[in-house]
file work.tsv (TSV, C-alpha atoms)
chain	number	residue	atom	x	y	z
A	99	MET	CA	-3.75	-8.72	15.94
A	100	LYS	CA	-6.18	-9.65	13.18
A	101	PRO	CA	-7.09	-6.76	10.83
A	102	ASP	CA	-10.83	-7.21	11.51
A	103	ILE	CA	-10.20	-6.66	15.22
A	104	VAL	CA	-8.35	-3.38	14.77
A	105	ALA	CA	-11.43	-1.24	14.10
A	106	ARG	CA	-13.45	-2.85	16.91
A	107	ILE	CA	-11.18	-1.45	19.56
A	108	ALA	CA	-13.05	1.20	21.47
A	109	ASP	CA	-11.93	4.81	21.35
A	110	PRO	CA	-10.00	5.26	24.62
A	111	ALA	CA	-11.40	8.76	25.11
A	112	THR	CA	-15.08	7.89	24.67
A	113	GLY	CA	-15.31	4.11	25.02
A	114	GLN	CA	-17.35	4.13	21.81
A	115	VAL	CA	-16.89	1.38	19.24
A	116	ALA	CA	-16.18	2.59	15.70
A	117	ASP	CA	-18.99	3.34	13.26
A	118	PRO	CA	-19.62	0.10	11.30
A	119	ARG	CA	-18.93	1.96	8.04
A	120	VAL	CA	-15.56	3.10	9.37
A	121	GLU	CA	-14.87	-0.42	10.61
A	122	ALA	CA	-15.62	-1.83	7.15
A	123	LEU	CA	-13.42	0.78	5.47
A	124	VAL	CA	-10.51	0.15	7.84
A	125	ASN	CA	-10.76	-3.59	7.21
A	126	GLU	CA	-10.84	-3.03	3.44
A	127	VAL	CA	-7.92	-0.59	3.48
A	128	ILE	CA	-5.80	-2.85	5.69
A	129	GLY	CA	-6.62	-5.79	3.44
A	130	ARG	CA	-5.70	-3.82	0.33
A	131	VAL	CA	-2.56	-2.22	1.68
A	132	ALA	CA	-1.44	-5.40	3.40
A	133	ASP	CA	-1.26	-6.81	-0.11
A	134	LYS	CA	2.40	-6.88	-1.02
A	135	TRP	CA	1.95	-5.34	-4.46
A	136	THR	CA	-0.17	-2.40	-3.33
A	137	MET	CA	2.42	-1.48	-0.70
A	138	LEU	CA	5.22	-1.63	-3.24
A	139	VAL	CA	3.34	0.32	-5.94
A	140	LEU	CA	2.37	2.89	-3.31
A	141	GLU	CA	6.02	3.25	-2.31
A	142	VAL	CA	7.23	3.57	-5.92
A	143	LEU	CA	4.67	6.21	-6.85
A	144	ALA	CA	5.27	8.14	-3.61
A	145	GLU	CA	9.00	8.15	-4.26
A	146	HIS	CA	9.01	8.84	-8.01
A	147	GLY	CA	5.81	10.78	-8.67
A	148	GLU	CA	4.02	10.30	-11.99
A	149	LEU	CA	5.28	7.28	-13.90
A	150	ARG	CA	4.43	5.38	-17.04
A	151	PHE	CA	2.88	1.96	-16.55
A	152	THR	CA	5.99	0.17	-17.82
A	153	ARG	CA	8.26	2.16	-15.50
A	154	VAL	CA	6.14	1.28	-12.46
A	155	GLY	CA	6.50	-2.37	-13.49
A	156	GLU	CA	10.27	-2.01	-13.76
A	157	LEU	CA	10.53	-0.45	-10.31
A	158	VAL	CA	8.30	-3.01	-8.59
A	159	ASP	CA	10.54	-6.04	-8.68
A	160	GLY	CA	8.81	-9.29	-9.60
A	161	ILE	CA	5.33	-7.96	-10.37
A	162	SER	CA	3.60	-9.38	-13.44
A	163	GLN	CA	1.87	-7.10	-15.93
A	164	LYS	CA	-1.48	-8.65	-14.95
A	165	MET	CA	-0.92	-8.04	-11.23
A	166	LEU	CA	0.33	-4.50	-11.87
A	167	THR	CA	-2.79	-3.73	-13.91
A	168	GLN	CA	-5.04	-5.18	-11.21
A	169	THR	CA	-3.24	-3.35	-8.39
A	170	LEU	CA	-3.35	0.00	-10.20
A	171	ARG	CA	-7.06	-0.47	-10.97
A	172	TYR	CA	-7.84	-1.16	-7.32
A	173	MET	CA	-5.81	1.87	-6.28
A	174	GLU	CA	-7.61	4.01	-8.84
A	175	ARG	CA	-11.02	2.72	-7.68
A	176	ASP	CA	-10.16	3.52	-4.05
A	177	GLY	CA	-9.09	7.04	-5.01
A	178	LEU	CA	-5.42	6.41	-4.24
A	179	ALA	CA	-4.08	6.79	-7.78
A	180	ILE	CA	-4.95	8.70	-10.94
A	181	ARG	CA	-4.52	7.23	-14.40
A	182	THR	CA	-3.80	9.70	-17.19
A	183	VAL	CA	-4.00	8.64	-20.83
A	184	HIS	CA	-2.16	11.00	-23.16
A	185	PRO	CA	-3.64	11.16	-26.69
A	186	VAL	CA	-0.44	10.37	-28.56
A	187	ILE	CA	0.64	7.53	-30.80
A	188	PRO	CA	1.54	5.16	-29.31
A	189	PRO	CA	-0.73	5.91	-26.31
A	190	ARG	CA	1.10	6.96	-23.17
A	191	VAL	CA	-0.49	6.03	-19.83
A	192	GLU	CA	0.85	7.45	-16.58
A	193	TYR	CA	-0.06	6.95	-12.95
A	194	ARG	CA	0.40	9.13	-9.92
A	195	LEU	CA	-0.86	9.14	-6.38
A	196	THR	CA	-3.74	11.36	-5.40
A	197	ASP	CA	-3.53	13.47	-2.25
A	198	LEU	CA	-5.37	10.61	-0.54
A	199	GLY	CA	-2.78	8.13	-1.80
A	200	LEU	CA	0.05	10.36	-0.62
A	201	THR	CA	-1.44	10.56	2.88
A	202	LEU	CA	-1.73	6.76	2.95
A	203	ALA	CA	1.91	6.47	1.89
A	204	GLU	CA	2.84	8.86	4.70
A	205	ALA	CA	0.83	6.78	7.17
A	206	PHE	CA	2.85	3.69	6.27
A	207	CYS	CA	6.24	5.43	6.39
A	208	PRO	CA	6.65	4.44	10.05
A	209	VAL	CA	6.39	0.76	9.04
A	210	TRP	CA	9.38	1.18	6.73
A	211	HIS	CA	11.32	2.97	9.48
A	212	TRP	CA	10.40	0.25	11.97
A	213	ALA	CA	11.62	-2.43	9.53
A	214	GLU	CA	14.86	-0.54	8.98
A	215	ARG	CA	15.48	-0.18	12.74
A	216	ASN	CA	14.66	-3.82	13.48
A	217	LEU	CA	16.05	-5.61	10.43
A	218	GLU	CA	19.01	-7.22	12.19
A	219	GLN	CA	16.94	-8.32	15.18
A	220	ILE	CA	14.31	-9.93	12.94
A	221	GLU	CA	16.95	-11.65	10.80
A	222	ALA	CA	18.60	-13.02	13.96
A	223	ALA	CA	15.26	-14.27	15.30
A	224	ARG	CA	14.48	-15.98	12.00
A	225	GLU	CA	17.90	-17.59	11.87
A	226	ALA	CA	17.54	-18.88	15.45
A	227	TYR	CA	14.07	-20.23	14.69
A	228	ASP	CA	15.23	-21.98	11.52
A	229	LYS	CA	18.07	-23.67	13.43
A	230	ARG	CA	15.60	-25.30	15.84

call {"tool": "encode", "arguments": {"input": "work.tsv", "output": "structure tokens"}}
result
Amino acid sequence: MKPDIVARIADPATGQVADPRVEALVNEVIGRVADKWTMLVLEVLAEHGELRFTRVGELVDGISQKMLTQTLRYMERDGLAIRTVHPVIPPRVEYRLTDLGLTLAEAFCPVWHWAERNLEQIEAAREAYDKR
């Protein structure tokens, strides 16, 4: 199902289509969170709490400094993360999830559980497909 279709599904209880503002927000959030890096940064911060920028980068395998900066800025703009600059020399910058970010991380927990439960089945399907 395409992300832009998700919000257009009518509420089963009322038959009403979602408010266009809600539809736009859902599409933006899905687009943002569907981004590989946002999902991984979200997971790291949910699991480890407040972390320094460099530590987030170490825990998110393969992310470049530029992409980490961009991802954290988007998360901060959306109210998912808080950036704290400590006035020390050298400057220390830390990030943590907001309550909103934590609830988003909780909402995506089932996806991780689904992947864990279905890993072998998906790997087998991929292997069978690649053999064709």

call {"tool": "atom_distance", "arguments": {"input": "work.tsv", "atom1": "atom CA of Leu200 of chain A", "atom2": "atom CA of Pro118 of chain A"}}
result
25.2 Å

call {"tool": "closest_residue", "arguments": {"input": "work.tsv", "among": "A:Leu138, A:Leu157, A:Leu170, A:Ala213", "to": "Arg194 of chain A", "atoms": "all atoms listed in the file"}}
result
A:Leu170

call {"tool": "residues_around", "arguments": {"input": "work.tsv", "residues": "Thr182 of chain A", "least_positions_apart": "5", "cutoff": "12 Å", "atoms": "all atoms listed in the file", "output": "compact mmCIF listing (two decimals) with C-alpha atoms, keeping the file's coordinate frame"}}
result
# COMPACT_ATOMS: atom_id res chain seq x y z
CA GLU A 148 4.02 10.30 -11.99
CA LEU A 149 5.28 7.28 -13.90
CA ARG A 150 4.43 5.38 -17.04
CA PHE A 151 2.88 1.96 -16.55
CA LEU A 170 -3.35 0.00 -10.20
CA GLU A 174 -7.61 4.01 -8.84
CA PRO A 189 -0.73 5.91 -26.31
CA ARG A 190 1.10 6.96 -23.17
CA VAL A 191 -0.49 6.03 -19.83
CA GLU A 192 0.85 7.45 -16.58
CA TYR A 193 -0.06 6.95 -12.95
CA ARG A 194 0.40 9.13 -9.92
CA LEU A 195 -0.86 9.14 -6.38
CA THR A 196 -3.74 11.36 -5.40

call {"tool": "atom_distance", "arguments": {"input": "work.tsv", "atom1": "atom CA of Asp133 of chain A", "atom2": "atom CA of Gly155 of chain A"}}
result
16.1 Å

call {"tool": "atom_distance", "arguments": {"input": "work.tsv", "atom1": "atom CA of Pro185 of chain A", "atom2": "atom CA of Lys164 of chain A"}}
result
23.1 Å

call {"tool": "closest_residue", "arguments": {"input": "work.tsv", "among": "A:Asn125, A:Phe206, A:Val120, A:Gln168", "to": "Leu140 of chain A", "atoms": "all atoms listed in the file"}}
result
A:Phe206

call {"tool": "closest_residue", "arguments": {"input": "work.tsv", "among": "A:Thr136, A:Thr152, A:Gln219, A:Gln163", "to": "Leu202 of chain A", "atoms": "only C-alpha atoms"}}
result
A:Thr136
